[in-house]
$ cat entry33.pdb   # PDB, C-alpha atoms and all ligand atoms
MODEL        1
ATOM      1  CA  MET A 380     -14.755 -24.433  -4.309
ATOM      2  CA  ARG A 381     -16.439 -21.048  -4.054
ATOM      3  CA  THR A 382     -17.502 -20.008  -0.538
ATOM      4  CA  ALA A 383     -21.299 -20.263  -0.214
ATOM      5  CA  VAL A 384     -22.386 -16.684   0.377
ATOM      6  CA  SER A 385     -25.567 -17.831   2.145
ATOM      7  CA  GLN A 386     -23.405 -19.027   5.064
ATOM      8  CA  LEU A 387     -21.834 -15.615   5.580
ATOM      9  CA  GLN A 388     -22.987 -12.821   7.845
ATOM     10  CA  LEU A 389     -22.624  -9.162   6.862
ATOM     11  CA  LEU A 390     -22.773  -6.469   9.533
ATOM     12  CA  GLU A 391     -23.834  -3.007   8.323
ATOM     13  CA  PRO A 392     -22.632  -0.208  10.643
ATOM     14  CA  LYS A 393     -24.252   3.221  10.278
ATOM     15  CA  SER A 394     -21.226   5.173  11.556
ATOM     16  CA  LEU A 395     -17.565   4.730  12.472
ATOM     17  CA  LYS A 396     -18.594   4.558  16.144
ATOM     18  CA  ASP A 397     -21.020   1.779  15.316
ATOM     19  CA  ALA A 398     -18.336  -0.054  13.316
ATOM     20  CA  LEU A 399     -15.811   0.162  16.162
ATOM     21  CA  ALA A 400     -18.373  -1.223  18.628
ATOM     22  CA  MET A 401     -19.046  -4.146  16.251
ATOM     23  CA  MET A 402     -15.299  -4.764  15.902
ATOM     24  CA  ARG A 403     -15.022  -4.858  19.706
ATOM     25  CA  ASP A 404     -18.040  -7.087  20.313
ATOM     26  CA  GLU A 405     -18.098  -9.427  17.310
ATOM     27  CA  ARG A 406     -14.597  -9.344  15.749
ATOM     28  CA  PRO A 407     -15.815  -9.410  12.134
ATOM     29  CA  THR A 408     -13.474  -9.062   9.136
ATOM     30  CA  PRO A 409     -13.701  -5.537   7.727
ATOM     31  CA  LEU A 410     -14.707  -5.164   4.085
ATOM     32  CA  ALA A 411     -13.829  -2.029   2.136
ATOM     33  CA  GLY A 412     -13.974  -2.403  -1.668
ATOM     34  CA  CYS A 413     -13.822  -6.214  -1.293
ATOM     35  CA  THR A 414     -11.489  -6.579  -4.307
ATOM     36  CA  ASP A 415      -8.954  -8.634  -2.321
ATOM     37  CA  VAL A 416     -11.414 -10.390  -0.024
ATOM     38  CA  TYR A 417     -13.632 -11.441  -2.917
ATOM     39  CA  VAL A 418     -10.754 -13.253  -4.610
ATOM     40  CA  ASN A 419     -10.424 -15.446  -1.498
ATOM     41  CA  LEU A 420     -14.185 -15.993  -1.298
ATOM     42  CA  ASN A 421     -14.195 -16.958  -4.938
ATOM     43  CA  PHE A 422     -11.452 -19.543  -4.387
ATOM     44  CA  GLY A 423     -13.116 -20.770  -1.181
ATOM     45  CA  THR A 424      -9.984 -19.911   0.804
ATOM     46  CA  ALA A 425     -11.490 -17.264   3.114
ATOM     47  CA  PRO A 426     -11.967 -18.878   6.544
ATOM     48  CA  GLN A 427     -14.019 -15.944   7.901
ATOM     49  CA  LYS A 428     -17.796 -16.155   8.186
ATOM     50  CA  ARG A 429     -18.636 -12.732   9.573
ATOM     51  CA  PHE A 430     -17.851  -9.465   7.754
ATOM     52  CA  LEU A 431     -18.260  -5.775   8.485
ATOM     53  CA  ASN A 432     -19.204  -3.592   5.530
ATOM     54  CA  LEU A 433     -17.330  -0.278   5.764
ATOM     55  CA  TRP A 434     -18.315   0.910   2.287
ATOM     56  CA  SER A 435     -21.052   3.372   3.345
ATOM     57  CA  LEU A 436     -18.928   5.172   5.960
ATOM     58  CA  GLU A 437     -18.348   8.467   4.123
ATOM     59  CA  GLU A 438     -16.347   9.819   7.075
ATOM     60  CA  LEU A 439     -13.549   7.396   6.126
ATOM     61  CA  ARG A 440     -13.403   8.606   2.535
ATOM     62  CA  LYS A 441     -12.230  12.217   2.943
ATOM     63  CA  ILE A 442      -9.010  13.573   1.465
ATOM     64  CA  GLN A 443      -8.033  16.823   3.186
ATOM     65  CA  LEU A 444      -5.150  19.016   4.336
ATOM     66  CA  ARG A 445      -4.792  19.358   8.111
ATOM     67  CA  GLY A 446      -2.177  22.074   8.489
ATOM     68  CA  LYS A 447       0.700  20.685   6.449
ATOM     69  CA  ILE A 448      -0.453  17.062   6.734
ATOM     70  CA  LEU A 449      -2.313  15.450   3.848
ATOM     71  CA  SER A 450      -4.903  13.155   5.441
ATOM     72  CA  ILE A 451      -6.377  10.424   3.239
ATOM     73  CA  GLY A 452      -9.314   8.417   4.568
ATOM     74  CA  ALA A 453      -8.778   4.656   4.485
ATOM     75  CA  LEU A 454     -11.808   4.209   2.213
ATOM     76  CA  ALA A 455     -10.498   6.575  -0.482
ATOM     77  CA  THR A 456     -10.570   4.660  -3.752
ATOM     78  CA  TYR A 457      -7.873   4.691  -6.415
ATOM     79  CA  SER A 458     -10.200   6.723  -8.647
ATOM     80  CA  GLN A 459     -10.513   9.310  -5.891
ATOM     81  CA  LEU A 460      -6.711   9.442  -5.482
ATOM     82  CA  VAL A 461      -6.225   9.912  -9.224
ATOM     83  CA  GLY A 462      -8.843  12.679  -9.314
ATOM     84  CA  SER A 463      -7.756  14.519  -6.164
ATOM     85  CA  PRO A 464      -5.983  17.885  -6.772
ATOM     86  CA  LEU A 465      -4.519  17.619  -3.244
ATOM     87  CA  VAL A 466      -2.982  14.202  -3.884
ATOM     88  CA  ARG A 467      -1.695  15.307  -7.277
ATOM     89  CA  ARG A 468      -0.076  18.380  -5.713
ATOM     90  CA  CYS A 469       1.363  16.893  -2.487
ATOM     91  CA  LEU A 470       2.113  13.301  -3.487
ATOM     92  CA  PRO A 471       1.837  12.931  -7.272
ATOM     93  CA  ILE A 472       3.476   9.490  -7.138
ATOM     94  CA  LEU A 473       0.469   8.223  -5.176
ATOM     95  CA  ALA A 474      -1.824   9.333  -8.002
ATOM     96  CA  ALA A 475       0.604   7.697 -10.459
ATOM     97  CA  ALA A 476       0.540   4.411  -8.527
ATOM     98  CA  ALA A 477      -3.275   4.513  -8.259
ATOM     99  CA  ARG A 478      -3.568   5.041 -12.006
ATOM    100  CA  GLU A 479      -1.719   1.758 -12.597
ATOM    101  CA  VAL A 480      -3.692  -0.434 -10.205
ATOM    102  CA  GLY A 481      -5.861  -3.106 -11.885
ATOM    103  CA  GLY A 482      -8.304  -1.566 -14.351
ATOM    104  CA  ILE A 483     -11.033   1.070 -14.016
ATOM    105  CA  GLN A 484     -13.401  -1.291 -12.171
ATOM    106  CA  ILE A 485     -10.773  -2.097  -9.524
ATOM    107  CA  GLN A 486      -9.828   1.579  -9.267
ATOM    108  CA  ASN A 487     -13.482   2.459  -8.582
ATOM    109  CA  ARG A 488     -13.803  -0.104  -5.759
ATOM    110  CA  GLY A 489     -10.309  -0.756  -4.400
ATOM    111  CA  THR A 490      -9.234   1.443  -1.487
ATOM    112  CA  ILE A 491      -5.915   2.642  -0.161
ATOM    113  CA  GLY A 492      -6.793   1.156   3.244
ATOM    114  CA  GLY A 493      -7.459  -2.249   1.701
ATOM    115  CA  ASN A 494      -4.117  -2.135  -0.127
ATOM    116  CA  ILE A 495      -2.280  -1.339   3.122
ATOM    117  CA  VAL A 496      -4.035  -3.845   5.403
ATOM    118  CA  ASN A 497      -4.023  -6.626   2.817
ATOM    119  CA  ALA A 498      -0.247  -6.432   3.321
ATOM    120  CA  SER A 499       0.833  -7.956   0.021
ATOM    121  CA  PRO A 500       4.494  -7.154  -0.700
ATOM    122  CA  ALA A 501       3.319  -6.339  -4.244
ATOM    123  CA  GLY A 502       0.809  -3.638  -3.201
ATOM    124  CA  ASP A 503       1.434  -0.685  -5.509
ATOM    125  CA  THR A 504       0.795   2.119  -3.034
ATOM    126  CA  LEU A 505       3.124   0.691  -0.395
ATOM    127  CA  PRO A 506       6.530   1.860  -1.737
ATOM    128  CA  VAL A 507       5.011   5.325  -2.167
ATOM    129  CA  LEU A 508       3.831   5.422   1.449
ATOM    130  CA  ALA A 509       7.214   4.091   2.580
ATOM    131  CA  VAL A 510       9.211   6.889   0.918
ATOM    132  CA  ALA A 511       6.636   9.472   1.985
ATOM    133  CA  GLU A 512       7.193   8.278   5.587
ATOM    134  CA  ALA A 513       3.438   8.150   6.089
ATOM    135  CA  THR A 514       1.745   7.625   9.442
ATOM    136  CA  LEU A 515      -1.222   5.277   9.806
ATOM    137  CA  LEU A 516      -4.106   6.276  12.058
ATOM    138  CA  LEU A 517      -5.595   3.175  13.694
ATOM    139  CA  GLN A 518      -8.734   3.227  15.808
ATOM    140  CA  ARG A 519     -10.611   0.840  18.078
ATOM    141  CA  ALA A 520     -13.493   1.443  20.464
ATOM    142  CA  ALA A 521     -10.974   2.036  23.271
ATOM    143  CA  GLY A 522      -9.089   4.793  21.410
ATOM    144  CA  LYS A 523      -6.758   5.843  18.599
ATOM    145  CA  ARG A 524      -3.063   5.372  17.925
ATOM    146  CA  ARG A 525      -0.629   6.392  15.220
ATOM    147  CA  VAL A 526       1.888   3.964  13.744
ATOM    148  CA  ALA A 527       4.758   4.951  11.462
ATOM    149  CA  PHE A 528       4.353   3.205   8.118
ATOM    150  CA  GLY A 529       7.857   1.763   8.511
ATOM    151  CA  ASP A 530       6.761  -0.026  11.713
ATOM    152  CA  PHE A 531       3.453  -1.380  10.405
ATOM    153  CA  TYR A 532       4.552  -4.646   8.758
ATOM    154  CA  THR A 533       6.170  -7.320  10.901
ATOM    155  CA  GLY A 534       6.537 -10.079   8.290
ATOM    156  CA  TYR A 535       4.903 -11.598   5.215
ATOM    157  CA  ARG A 536       1.258 -10.471   5.387
ATOM    158  CA  GLN A 537       1.699  -9.627   9.086
ATOM    159  CA  THR A 538       0.962  -6.247  10.623
ATOM    160  CA  VAL A 539       0.857  -4.706  14.102
ATOM    161  CA  MET A 540      -2.940  -4.238  13.874
ATOM    162  CA  LEU A 541      -5.037  -5.563  16.748
ATOM    163  CA  PRO A 542      -8.054  -7.763  15.947
ATOM    164  CA  ASP A 543     -10.557  -5.028  16.893
ATOM    165  CA  GLU A 544      -8.766  -2.169  15.132
ATOM    166  CA  LEU A 545      -9.660  -0.359  11.919
ATOM    167  CA  LEU A 546      -7.345   1.658   9.733
ATOM    168  CA  VAL A 547      -8.979   5.055   9.642
ATOM    169  CA  ALA A 548      -6.608   7.308   7.693
ATOM    170  CA  VAL A 549      -3.180   7.687   6.177
ATOM    171  CA  GLU A 550      -1.281  10.865   7.029
ATOM    172  CA  ILE A 551       1.396  12.242   4.697
ATOM    173  CA  PRO A 552       3.843  14.887   5.946
ATOM    174  CA  ALA A 553       4.896  17.801   3.738
ATOM    175  CA  LEU A 554       7.552  16.576   1.285
ATOM    176  CA  SER A 555      10.275  18.345  -0.629
ATOM    177  CA  GLY A 556      12.282  17.182  -3.632
ATOM    178  CA  ARG A 557      11.497  15.265  -6.782
ATOM    179  CA  GLN A 558       9.213  12.222  -6.615
ATOM    180  CA  TRP A 559       9.523   9.161  -8.830
ATOM    181  CA  PHE A 560       7.427   5.981  -9.301
ATOM    182  CA  ARG A 561       7.689   3.000 -11.631
ATOM    183  CA  LYS A 562       5.744  -0.251 -11.753
ATOM    184  CA  VAL A 563       6.999  -3.154 -13.847
ATOM    185  CA  GLY A 564       4.326  -5.707 -14.688
ATOM    186  CA  THR A 565       3.314  -7.970 -17.534
ATOM    187  CA  ARG A 566       0.921  -5.406 -19.017
ATOM    188  CA  ALA A 567      -0.015  -1.773 -18.470
ATOM    189  CA  ALA A 568      -3.305  -2.789 -16.783
ATOM    190  CA  GLN A 569      -4.686  -5.709 -14.765
ATOM    191  CA  ALA A 570      -1.203  -6.863 -13.808
ATOM    192  CA  ILE A 571       0.200  -7.277 -10.310
ATOM    193  CA  SER A 572       3.719  -5.842 -10.062
ATOM    194  CA  LYS A 573       6.743  -7.984 -10.779
ATOM    195  CA  ILE A 574       8.580  -5.145  -9.115
ATOM    196  CA  VAL A 575       7.581  -1.637  -8.055
ATOM    197  CA  MET A 576       9.766   1.258  -6.911
ATOM    198  CA  ALA A 577       9.181   4.711  -5.469
ATOM    199  CA  GLY A 578      11.814   7.324  -4.780
ATOM    200  CA  ILE A 579      12.148  10.855  -3.459
ATOM    201  CA  ARG A 580      15.228  12.854  -4.305
ATOM    202  CA  ASN A 581      16.295  15.633  -1.990
ATOM    203  CA  ASP A 582      19.232  16.019   0.423
ATOM    204  CA  ARG A 583      18.007  12.801   2.089
ATOM    205  CA  PRO A 584      17.188  10.499  -0.851
ATOM    206  CA  ARG A 585      14.660   7.759  -0.138
ATOM    207  CA  VAL A 586      14.033   4.568  -2.088
ATOM    208  CA  ALA A 587      11.478   1.799  -1.483
ATOM    209  CA  LEU A 588      10.755  -1.387  -3.388
ATOM    210  CA  GLY A 589       7.845  -3.809  -3.528
ATOM    211  CA  SER A 590       7.879  -7.489  -4.589
ATOM    212  CA  VAL A 591      11.519  -8.022  -3.582
ATOM    213  CA  ALA A 592      11.101  -9.204   0.039
ATOM    214  CA  PRO A 593       8.343 -10.480   2.372
ATOM    215  CA  THR A 594       7.258  -6.872   2.968
ATOM    216  CA  VAL A 595       7.774  -3.590   1.152
ATOM    217  CA  VAL A 596      11.310  -2.393   1.954
ATOM    218  CA  ARG A 597      13.220   0.861   2.307
ATOM    219  CA  LEU A 598      16.907   0.644   1.359
ATOM    220  CA  PRO A 599      18.791   2.557   4.078
ATOM    221  CA  ARG A 600      22.329   1.652   2.999
ATOM    222  CA  THR A 601      21.635   2.435  -0.650
ATOM    223  CA  GLU A 602      20.034   5.719   0.404
ATOM    224  CA  SER A 603      23.134   6.681   2.448
ATOM    225  CA  LEU A 604      25.407   6.099  -0.525
ATOM    226  CA  LEU A 605      23.186   8.233  -2.743
ATOM    227  CA  ALA A 606      23.125  10.982  -0.107
ATOM    228  CA  ALA A 607      26.924  10.872   0.138
ATOM    229  CA  GLY A 608      27.270  11.322  -3.630
ATOM    230  CA  ARG A 609      28.997   7.951  -4.073
ATOM    231  CA  PRO A 610      29.098   6.433  -7.599
ATOM    232  CA  LEU A 611      25.790   5.008  -8.764
ATOM    233  CA  GLU A 612      27.420   1.620  -9.413
ATOM    234  CA  ASP A 613      28.212   1.357  -5.660
ATOM    235  CA  ALA A 614      24.591   2.184  -4.812
ATOM    236  CA  LYS A 615      23.315  -0.441  -7.288
ATOM    237  CA  ARG A 616      25.594  -3.102  -5.771
ATOM    238  CA  THR A 617      24.411  -2.222  -2.280
ATOM    239  CA  LEU A 618      20.765  -2.321  -3.384
ATOM    240  CA  LEU A 619      21.306  -5.925  -4.463
ATOM    241  CA  GLU A 620      22.545  -6.764  -0.959
ATOM    242  CA  GLU A 621      19.494  -5.141   0.611
ATOM    243  CA  ILE A 622      16.758  -7.035  -1.256
ATOM    244  CA  ARG A 623      15.655 -10.680  -1.041
ATOM    245  CA  PRO A 624      13.567 -11.419  -4.134
ATOM    246  CA  ILE A 625      12.162 -14.885  -4.791
ATOM    247  CA  ASP A 626      11.017 -16.888  -7.818
ATOM    248  CA  ASP A 627       7.217 -17.006  -8.033
ATOM    249  CA  ILE A 628       4.440 -17.181 -10.616
ATOM    250  CA  ARG A 629       4.990 -13.593 -11.695
ATOM    251  CA  SER A 630       8.748 -13.482 -12.118
ATOM    252  CA  THR A 631      12.141 -14.831 -11.092
ATOM    253  CA  ALA A 632      14.494 -13.633  -8.399
ATOM    254  CA  ASP A 633      17.178 -13.003 -11.000
ATOM    255  CA  TYR A 634      14.899 -10.831 -13.172
ATOM    256  CA  ARG A 635      13.788  -8.876 -10.115
ATOM    257  CA  ARG A 636      17.387  -8.229  -9.041
ATOM    258  CA  ARG A 637      18.386  -6.941 -12.473
ATOM    259  CA  VAL A 638      15.314  -4.776 -12.867
ATOM    260  CA  ALA A 639      15.630  -3.355  -9.343
ATOM    261  CA  ALA A 640      19.186  -2.174 -10.072
ATOM    262  CA  ASN A 641      18.084  -0.740 -13.429
ATOM    263  CA  LEU A 642      15.193   1.088 -11.783
ATOM    264  CA  LEU A 643      17.551   2.697  -9.285
ATOM    265  CA  GLU A 644      19.619   3.984 -12.173
ATOM    266  CA  GLN A 645      16.518   5.244 -13.970
ATOM    267  CA  PHE A 646      15.276   6.993 -10.816
ATOM    268  CA  TRP A 647      18.622   8.723 -10.294
ATOM    269  CA  ARG A 648      19.029   9.754 -13.941
ATOM    270  CA  GLU A 649      15.473  11.060 -14.360
ATOM    271  CA  THR A 650      15.537  13.118 -11.159
ATOM    272  CA  SER A 651      18.970  14.669 -11.658
TER     273      SER A 651
HETATM  274  C1  LIG B 701      -8.414  -7.919 -10.908
HETATM  275  C2  LIG B 701      -7.607  -7.341  -9.771
HETATM  276  C3  LIG B 701      -6.520  -6.526 -10.085
HETATM  277  C4  LIG B 701      -5.742  -5.990  -9.052
HETATM  278  N1  LIG B 701      -4.677  -5.201  -9.387
HETATM  279  C5  LIG B 701      -3.909  -4.671  -8.413
HETATM  280  C6  LIG B 701      -2.768  -3.866  -8.741
HETATM  281  O1  LIG B 701      -2.462  -3.619  -9.903
HETATM  282  N2  LIG B 701      -2.022  -3.375  -7.709
HETATM  283  C7  LIG B 701      -2.337  -3.618  -6.402
HETATM  284  O2  LIG B 701      -1.626  -3.122  -5.514
HETATM  285  N3  LIG B 701      -3.413  -4.358  -6.062
HETATM  286  C8  LIG B 701      -4.189  -4.891  -7.024
HETATM  287  N4  LIG B 701      -5.285  -5.678  -6.697
HETATM  288  C9  LIG B 701      -5.567  -5.935  -5.285
HETATM  289  C10 LIG B 701      -6.648  -5.002  -4.652
HETATM  290  O3  LIG B 701      -7.486  -4.432  -5.600
HETATM  291  C11 LIG B 701      -6.005  -3.878  -3.808
HETATM  292  O4  LIG B 701      -5.143  -4.429  -2.819
HETATM  293  C12 LIG B 701      -7.082  -3.005  -3.136
HETATM  294  O5  LIG B 701      -6.498  -1.810  -2.710
HETATM  295  C13 LIG B 701      -7.769  -3.665  -1.962
HETATM  296  O6  LIG B 701      -8.693  -2.726  -1.442
HETATM  297  P1  LIG B 701     -10.182  -3.141  -1.048
HETATM  298  O7  LIG B 701     -10.822  -1.914  -0.532
HETATM  299  O8  LIG B 701     -10.851  -3.838  -2.168
HETATM  300  O9  LIG B 701      -9.844  -4.165   0.139
HETATM  301  P2  LIG B 701     -10.739  -5.369   0.700
HETATM  302  O10 LIG B 701     -10.696  -6.523  -0.246
HETATM  303  O11 LIG B 701     -12.081  -4.888   1.113
HETATM  304  O12 LIG B 701      -9.879  -5.705   2.007
HETATM  305  C14 LIG B 701      -8.553  -6.163   1.930
HETATM  306  C15 LIG B 701      -8.040  -6.487   3.336
HETATM  307  O13 LIG B 701      -7.923  -5.294   4.106
HETATM  308  C16 LIG B 701      -8.779  -5.326   5.239
HETATM  309  N5  LIG B 701      -9.289  -3.952   5.368
HETATM  310  C17 LIG B 701      -9.757  -3.181   4.344
HETATM  311  N6  LIG B 701     -10.009  -1.940   4.792
HETATM  312  C18 LIG B 701      -9.711  -1.929   6.103
HETATM  313  C19 LIG B 701      -9.759  -0.926   7.115
HETATM  314  N7  LIG B 701     -10.121   0.340   6.860
HETATM  315  N8  LIG B 701      -9.367  -1.264   8.365
HETATM  316  C20 LIG B 701      -8.969  -2.527   8.645
HETATM  317  N9  LIG B 701      -8.900  -3.509   7.740
HETATM  318  C21 LIG B 701      -9.262  -3.203   6.480
HETATM  319  C22 LIG B 701      -9.807  -6.393   4.965
HETATM  320  O14 LIG B 701     -10.294  -6.976   6.144
HETATM  321  C23 LIG B 701      -8.981  -7.375   4.140
HETATM  322  O15 LIG B 701      -8.203  -8.170   4.999
HETATM  323  C24 LIG B 701      -6.073  -6.248  -7.694
HETATM  324  C25 LIG B 701      -7.181  -7.045  -7.387
HETATM  325  C26 LIG B 701      -7.943  -7.594  -8.415
HETATM  326  C27 LIG B 701      -9.139  -8.445  -8.058
ENDMDL
END

$ encode --input "entry33.pdb" --output "structure tokens" --more "lines below"
Ligand SMILES: Cc1cc2nc3c(=O)[nH]c(=O)nc-3n(C[C@H](O)[C@H](O)[C@H](O)COP(=O)(O)OP(=O)(O)OC[C@H]3O[C@@H](n4cnc5c(N)ncnc54)[C@H](O)[C@@H]3O)c2cc1C
Amino acid sequence: MRTAVSQLQLLEPKSLKDALAMMRDERPTPLAGCTDVYVNLNFGTAPQKRFLNLWSLEELRKIQLRGKILSIGALATYSQLVGSPLVRRCLPILAAAAREVGGIQIQNRGTIGGNIVNASPAGDTLPVLAVAEATLLLQRAAGKRRVAFGDFYTGYRQTVMLPDELLVAVEIPALSGRQWFRKVGTRAAQAISKIVMAGIRNDRPRVALGSVAPTVVRLPRTESLLAAGRPLEDAKRTLLEEIRPIDDIRSTADYRRRVAANLLEQFWRETS
């Protein structure tokens, strides 16, 4: 049954400082675009009663270069990522991933921060951030810390975030080499990934996959074989040892294994 909205409380901070104080004192659930949270409210499966509306905090929406680091505010929407010349220049595969999320309505509301913290293994931006070796800037009233994207997820829908922390920004280091992204879903729009891959090809090739394990995964052994110039068939076999796909409503483990190996081949061929 749908959650009765009249029983919910919505806190409206006027600034990031305000929001962090509310997180410290009242431990509400942050709301960004609400596209994930609303699904749970609609199904009546959201246990939370108190929410914190981040949407008006413009300071969390900036996309800017800080030296060589591309800094993307957690509230940046997919539409902003698609339209940003900086994102298209420094990390075009993030713009490509954003373009394939949901439909226009979701792209106008859904945020990169929400995709990261929601921690679904199918989140489309996550393989991109994994190969980009992004850093996440987390903040609470007591201070800030930076967490490497590769250390952020600890298990299925589990992260290292503390209950009073907000994700403030995503930081992308300067990248060299060719970037590659591919999402495989039922349709071109409004479809959660059956499997999603991002890759960067340079002298240290990087590959990450979504929807093949409890969290997004990098493939270190496969990457080493690619770096060493070993035959692609060896790399594809190793990839299959490094992933743990399951059967679920969107696909089967067998389909995901086959497609993952095919995507590796496509990545390598198209970036040669
Ligand atoms: C119809 C539909 C289609 C979709 N299609 C796709 C798709 O193709 N690909 C895909 O990856 N996703 C898809 N999604 C899922 C969703 O749109 C994305 O995950 C989106 O990025 C979530 O962002 P949001 O701002 O709406 O997050 P919200 O729903 O506001 O929040 C999600 C979670 O993150 C937390 N949170 C949000 N921001 C912060 C912050 N700054 N600090 C701390 N915690 C925070 C919230 O507390 C909540 O737990 C779809 C959803 C719908 C409804």

$ residues_around --input "entry33.pdb" --residues "A:Thr617" --least-positions-apart "5" --cutoff "12 Å" --atoms "only C-alpha atoms" --output "mmCIF file with C-alpha atoms, in the coordinates of the input"
data_model
loop_
_atom_site.group_PDB
_atom_site.id
_atom_site.type_symbol
_atom_site.label_atom_id
_atom_site.label_comp_id
_atom_site.auth_asym_id
_atom_site.auth_seq_id
_atom_site.Cartn_x
_atom_site.Cartn_y
_atom_site.Cartn_z
ATOM 1 C CA LEU A 598 16.907 0.644 1.359
ATOM 2 C CA PRO A 599 18.791 2.557 4.078
ATOM 3 C CA ARG A 600 22.329 1.652 2.999
ATOM 4 C CA THR A 601 21.635 2.435 -0.650
ATOM 5 C CA GLU A 602 20.034 5.719 0.404
ATOM 6 C CA SER A 603 23.134 6.681 2.448
ATOM 7 C CA LEU A 604 25.407 6.099 -0.525
ATOM 8 C CA LEU A 605 23.186 8.233 -2.743
ATOM 9 C CA ARG A 609 28.997 7.951 -4.073
ATOM 10 C CA PRO A 610 29.098 6.433 -7.599
ATOM 11 C CA LEU A 611 25.790 5.008 -8.764
ATOM 12 C CA GLU A 612 27.420 1.620 -9.413
ATOM 13 C CA ILE A 622 16.758 -7.035 -1.256
ATOM 14 C CA ARG A 636 17.387 -8.229 -9.041
ATOM 15 C CA ALA A 639 15.630 -3.355 -9.343
ATOM 16 C CA ALA A 640 19.186 -2.174 -10.072
ATOM 17 C CA LEU A 643 17.551 2.697 -9.285
#

$ atom_distance --input "entry33.pdb" --atom1 "atom CA of A:Ser555" --atom2 "atom CA of A:Asn581"
6.7 Å

$ closest_atom_pairs --input "entry33.pdb" --of "chain A" --to "ligand LIG 701 (chain B)" --cutoff "6 Å" --atoms "all atoms listed in the file" --output "Markdown table"
| residue | atom | partner | partner_atom | distance |
| --- | --- | --- | --- | --- |
| A:Thr408 | CA | B:LIG701 | O14 | 4.8 |
| A:Pro409 | CA | B:LIG701 | O14 | 4.0 |
| A:Leu410 | CA | B:LIG701 | O11 | 4.0 |
| A:Ala411 | CA | B:LIG701 | O11 | 3.5 |
| A:Gly412 | CA | B:LIG701 | O7 | 3.4 |
| A:Cys413 | CA | B:LIG701 | O11 | 3.3 |
| A:Thr414 | CA | B:LIG701 | O8 | 3.5 |
| A:Asp415 | CA | B:LIG701 | O10 | 3.4 |
| A:Val416 | CA | B:LIG701 | O10 | 3.9 |
| A:Ala453 | CA | B:LIG701 | N7 | 5.1 |
| A:Val480 | CA | B:LIG701 | O1 | 3.4 |
| A:Gly481 | CA | B:LIG701 | N1 | 3.5 |
| A:Ile485 | CA | B:LIG701 | O3 | 5.6 |
| A:Arg488 | CA | B:LIG701 | O8 | 6.0 |
| A:Gly489 | CA | B:LIG701 | O8 | 3.8 |
| A:Thr490 | CA | B:LIG701 | O7 | 3.8 |
| A:Ile491 | CA | B:LIG701 | O5 | 5.2 |
| A:Gly492 | CA | B:LIG701 | N6 | 4.7 |
| A:Gly493 | CA | B:LIG701 | O6 | 3.4 |
| A:Asn494 | CA | B:LIG701 | O5 | 3.5 |
| A:Val496 | CA | B:LIG701 | O13 | 4.3 |
| A:Asn497 | CA | B:LIG701 | C15 | 4.1 |
| A:Gly502 | CA | B:LIG701 | O2 | 3.4 |
| A:Asp503 | CA | B:LIG701 | O2 | 3.9 |
| A:Leu545 | CA | B:LIG701 | N8 | 3.7 |
| A:Leu546 | CA | B:LIG701 | N8 | 3.8 |
| A:Val547 | CA | B:LIG701 | N7 | 5.6 |
| A:Gln569 | CA | B:LIG701 | C3 | 5.1 |
| A:Ala570 | CA | B:LIG701 | O1 | 5.2 |
| A:Ile571 | CA | B:LIG701 | O1 | 4.5 |

$ resolve_selection --input "entry33.pdb" --expression "the PyMOL selection byres (((chain A and resi 594) around 7) and not hetatm)" --output "PyMOL selection string"
chain A and resi 500+532+534-535+592-593+595-596

$ closest_residue --input "entry33.pdb" --among "A:Ser572, A:Ser458, A:Asp582, A:Arg597" --to "A:Arg629" --atoms "all atoms listed in the file"
A:Ser572

$ atom_distance --input "entry33.pdb" --atom1 "atom CA of A:Glu620" --atom2 "atom CA of A:Ala632"
12.9 Å

$ closest_residue --input "entry33.pdb" --among "A:Ser450, A:Ile483, A:Gly578, A:Ala521" --to "A:Leu505" --atoms "only C-alpha atoms"
A:Gly578

$ atom_distance --input "entry33.pdb" --atom1 "atom CA of A:Met576" --atom2 "atom CA of A:Asn419"
26.8 Å

$ closest_residue --input "entry33.pdb" --among "A:Glu621, A:Glu649, A:Glu405, A:Glu550" --to "A:Gly452" --atoms "all atoms listed in the file"
A:Glu550

$ residues_around --input "entry33.pdb" --residues "A:Lys441" --least-positions-apart "2" --cutoff "7 Å" --atoms "only C-alpha atoms" --output "number ranges by chain"
A: 438-439, 443, 451-452, 455

$ closest_residue --input "entry33.pdb" --among "A:Arg445, A:Arg637, A:Arg429, A:Lys393" --to "A:Ile574" --atoms "all atoms listed in the file"
A:Arg637
